[in-house]
Every structure is written in structure tokens, then in C-alpha cells.
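Okay, structure first, notes after.
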Amino acid sequence: MNLEELYKSLHGDYAEVKARLMTDRLVEKFVLKFPSDSSMQQLRDAIASEDYEVAFRAVHTLKGVAANLSFTELWKAASALTEQLRRCDGTVDETLLENLENAYRLVTDSIQKENS
């Protein structure tokens, strides 16, 4: 797996994650684990059931994982939705959710493509 190319394709910051995790082996290990993280599905399920407290926790977790892996665009999208859900007014901004879905898909599709 070429990690630098992967990070370019998903608009991430390879230098930042490499500085944090120190070795390509560790970066690759955690990048490959990312698609199995359940936070995005938990968010989808919570929104479908209108459980905005659970939705907030799920997107907040996703934001943290994205930050730790330096998935910059995904982190930005998760941060925006986190802040909207923090107000917990019983709604979800559909544009923010769509932006998050698109950023998430970009990351998971890029990982899958690079790993095949």
C-alpha cells in the first residue's frame, strides 16, 4: 500500500499521521482497521431512530478517529455535524450529513481501492 498516494486521494495529511504514529506499519495497520469502525453506522442508525444523543456520541467518535488518522476532509465534515448535533435541537442538518457521507465514502473507497 502506498500510504502517501492514499492520503492524497482522500485529502488527508500523511505527514501529520506519520509524525503521530511514527511508522508506516502502524499507519497502515490503523488505516486498514478504519472501515470496520462502527461509528458511521451507529450515527446512521441513531439518526434514523431520532436518537440525537447517540448520534452526537457516534459522530464525535468518528471525528476523533478521523483526527487521529489525519483524514482531514472527514474530520472537517464530522466536526461540522458534531457541532450542529451538540445543540441537540431535534434536527439534523441534511447538508452536513450529506457532506459527512461523501467524505466517509471517499475515505473508505480509497482504502478499499488501495488495498485491492
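Numbering starts fresh at 1 for the residues of each chain in the C-alpha cells, the chains themselves are lettered A, B, ... in the order given, and ligands are numbered from 1 as they appear.
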Practice problem: Could you give me, as a VMD selection string, the residues within 8 Å of stretch 73-84 of chain A, counting only C-alpha atoms and dropping anything in the same chain fewer than 2 positions from it? | Solution: chain A and resid 10 to 12 56 59 to 60 62 to 64 66 to 67 70 to 71 86 to 88 92 to 93 96 to 97 99 to 100 103 to 104 107
Pick out the residues sitting within 12 Å of A:Glu28, and hand them over as a short mmCIF file (atom, residue, chain, number, x, y, z; two decimals) with N, CA and C atoms, in the first residue's frame; count only C-alpha atoms, and ignore anything fewer than 6 positions along from it in its own chain.
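Listed below is the output, selection-v4.cif:
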data_model
loop_
_atom_site.label_atom_id
_atom_site.label_comp_id
_atom_site.auth_asym_id
_atom_site.auth_seq_id
_atom_site.Cartn_x
_atom_site.Cartn_y
_atom_site.Cartn_z
N MET A 1 0.85 -1.18 0.00
CA MET A 1 0.00 0.00 0.00
C MET A 1 0.89 1.23 0.00
N ASN A 2 0.66 2.14 -0.92
CA ASN A 2 1.39 3.40 -0.95
C ASN A 2 0.60 4.42 -0.13
N LEU A 3 1.04 4.64 1.07
CA LEU A 3 0.30 5.48 2.00
C LEU A 3 0.25 6.93 1.58
N GLU A 4 1.33 7.44 1.02
CA GLU A 4 1.33 8.85 0.59
C GLU A 4 0.29 9.09 -0.50
N LEU A 6 -2.36 7.23 -1.06
CA LEU A 6 -3.67 7.05 -0.43
C LEU A 6 -4.11 8.34 0.24
N TYR A 7 -3.26 8.93 1.03
CA TYR A 7 -3.61 10.15 1.74
C TYR A 7 -3.91 11.29 0.79
N TYR A 14 -0.76 12.99 5.31
CA TYR A 14 0.13 11.86 5.57
C TYR A 14 1.27 12.25 6.53
N VAL A 17 -0.03 12.27 10.15
CA VAL A 17 -0.28 10.95 10.74
C VAL A 17 1.03 10.19 10.93
N LYS A 18 1.96 10.36 10.03
CA LYS A 18 3.26 9.70 10.16
C LYS A 18 4.00 10.24 11.38
N LEU A 21 2.08 8.57 14.44
CA LEU A 21 2.19 7.12 14.63
C LEU A 21 3.61 6.58 14.41
N MET A 22 4.47 7.38 13.83
CA MET A 22 5.90 7.12 13.71
C MET A 22 6.32 6.15 12.59
N PHE A 34 -9.80 1.10 9.83
CA PHE A 34 -10.82 2.14 9.82
C PHE A 34 -12.18 1.69 9.25
N LEU A 69 -6.23 9.83 12.60
CA LEU A 69 -5.68 9.27 11.36
C LEU A 69 -5.38 10.35 10.32
N ILE A 111 -9.44 3.54 0.60
CA ILE A 111 -8.77 2.45 1.32
C ILE A 111 -9.00 1.14 0.59
N GLU A 114 -6.98 1.04 -2.69
CA GLU A 114 -5.54 0.90 -2.45
C GLU A 114 -5.20 -0.48 -1.92
N ASN A 115 -6.12 -1.10 -1.22
CA ASN A 115 -5.86 -2.40 -0.61
C ASN A 115 -6.17 -3.57 -1.53
#
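Relative to atom CA of A:Ser39, atom CA of A:Gln112 is found at 18.0 Å.
Taking only C-alpha atoms into account, A:Gly90 lies nearest to A:Glu53 out of the set A:Asp24, A:Asp13, A:Glu53, A:Asp109.
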Quiz item: Which distance in Å separates atom CA of A:Gln42 and atom CA of A:Lys8, to one decimal?
Solution: 27.4 Å
Quiz item: Which neighbours of A:Gln41 fall inside 10 Å, counting only C-alpha atoms, when residues of the same chain fewer than 5 positions from it are skipped, and could you give them as an MDAnalysis selection string?
Solution: chainID A and resid 46:47 55 58:59
Expected file: the selected residues, N, CA, C and O atoms, as a CSV table (one decimal), in the first residue's frame:
chain,number,residue,atom,x,y,z
A,46,ALA,N,-28.8,5.9,14.6
A,46,ALA,CA,-29.3,6.9,15.6
A,46,ALA,C,-30.1,8.0,15.0
A,46,ALA,O,-31.2,8.4,15.5
A,47,ILE,N,-29.7,8.5,13.8
A,47,ILE,CA,-30.4,9.5,13.1
A,47,ILE,C,-31.8,8.9,12.7
A,47,ILE,O,-32.8,9.5,12.8
A,55,ALA,N,-26.5,9.9,18.3
A,55,ALA,CA,-26.0,10.4,17.1
A,55,ALA,C,-24.8,11.3,17.4
A,55,ALA,O,-23.7,11.2,16.7
A,58,ALA,N,-21.8,9.2,18.4
A,58,ALA,CA,-21.2,8.5,17.3
A,58,ALA,C,-20.4,9.4,16.4
A,58,ALA,O,-19.3,9.1,16.0
A,59,VAL,N,-21.0,10.6,16.0
A,59,VAL,CA,-20.2,11.5,15.2
A,59,VAL,C,-19.0,12.1,15.9
A,59,VAL,O,-18.0,12.3,15.3
Exercise. Check the smallest atom-to-atom distance from each of A:Glu101, A:Ser116, A:Val65, A:Thr91 to A:Ser36 using only C-alpha atoms, then report the winner.
Key: A:Val65
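Remark: for A:Tyr52, the closest of the candidate residues A:Met40, A:Leu106, A:Leu85, A:Ala19 is A:Leu85 (distances computed over only C-alpha atoms).
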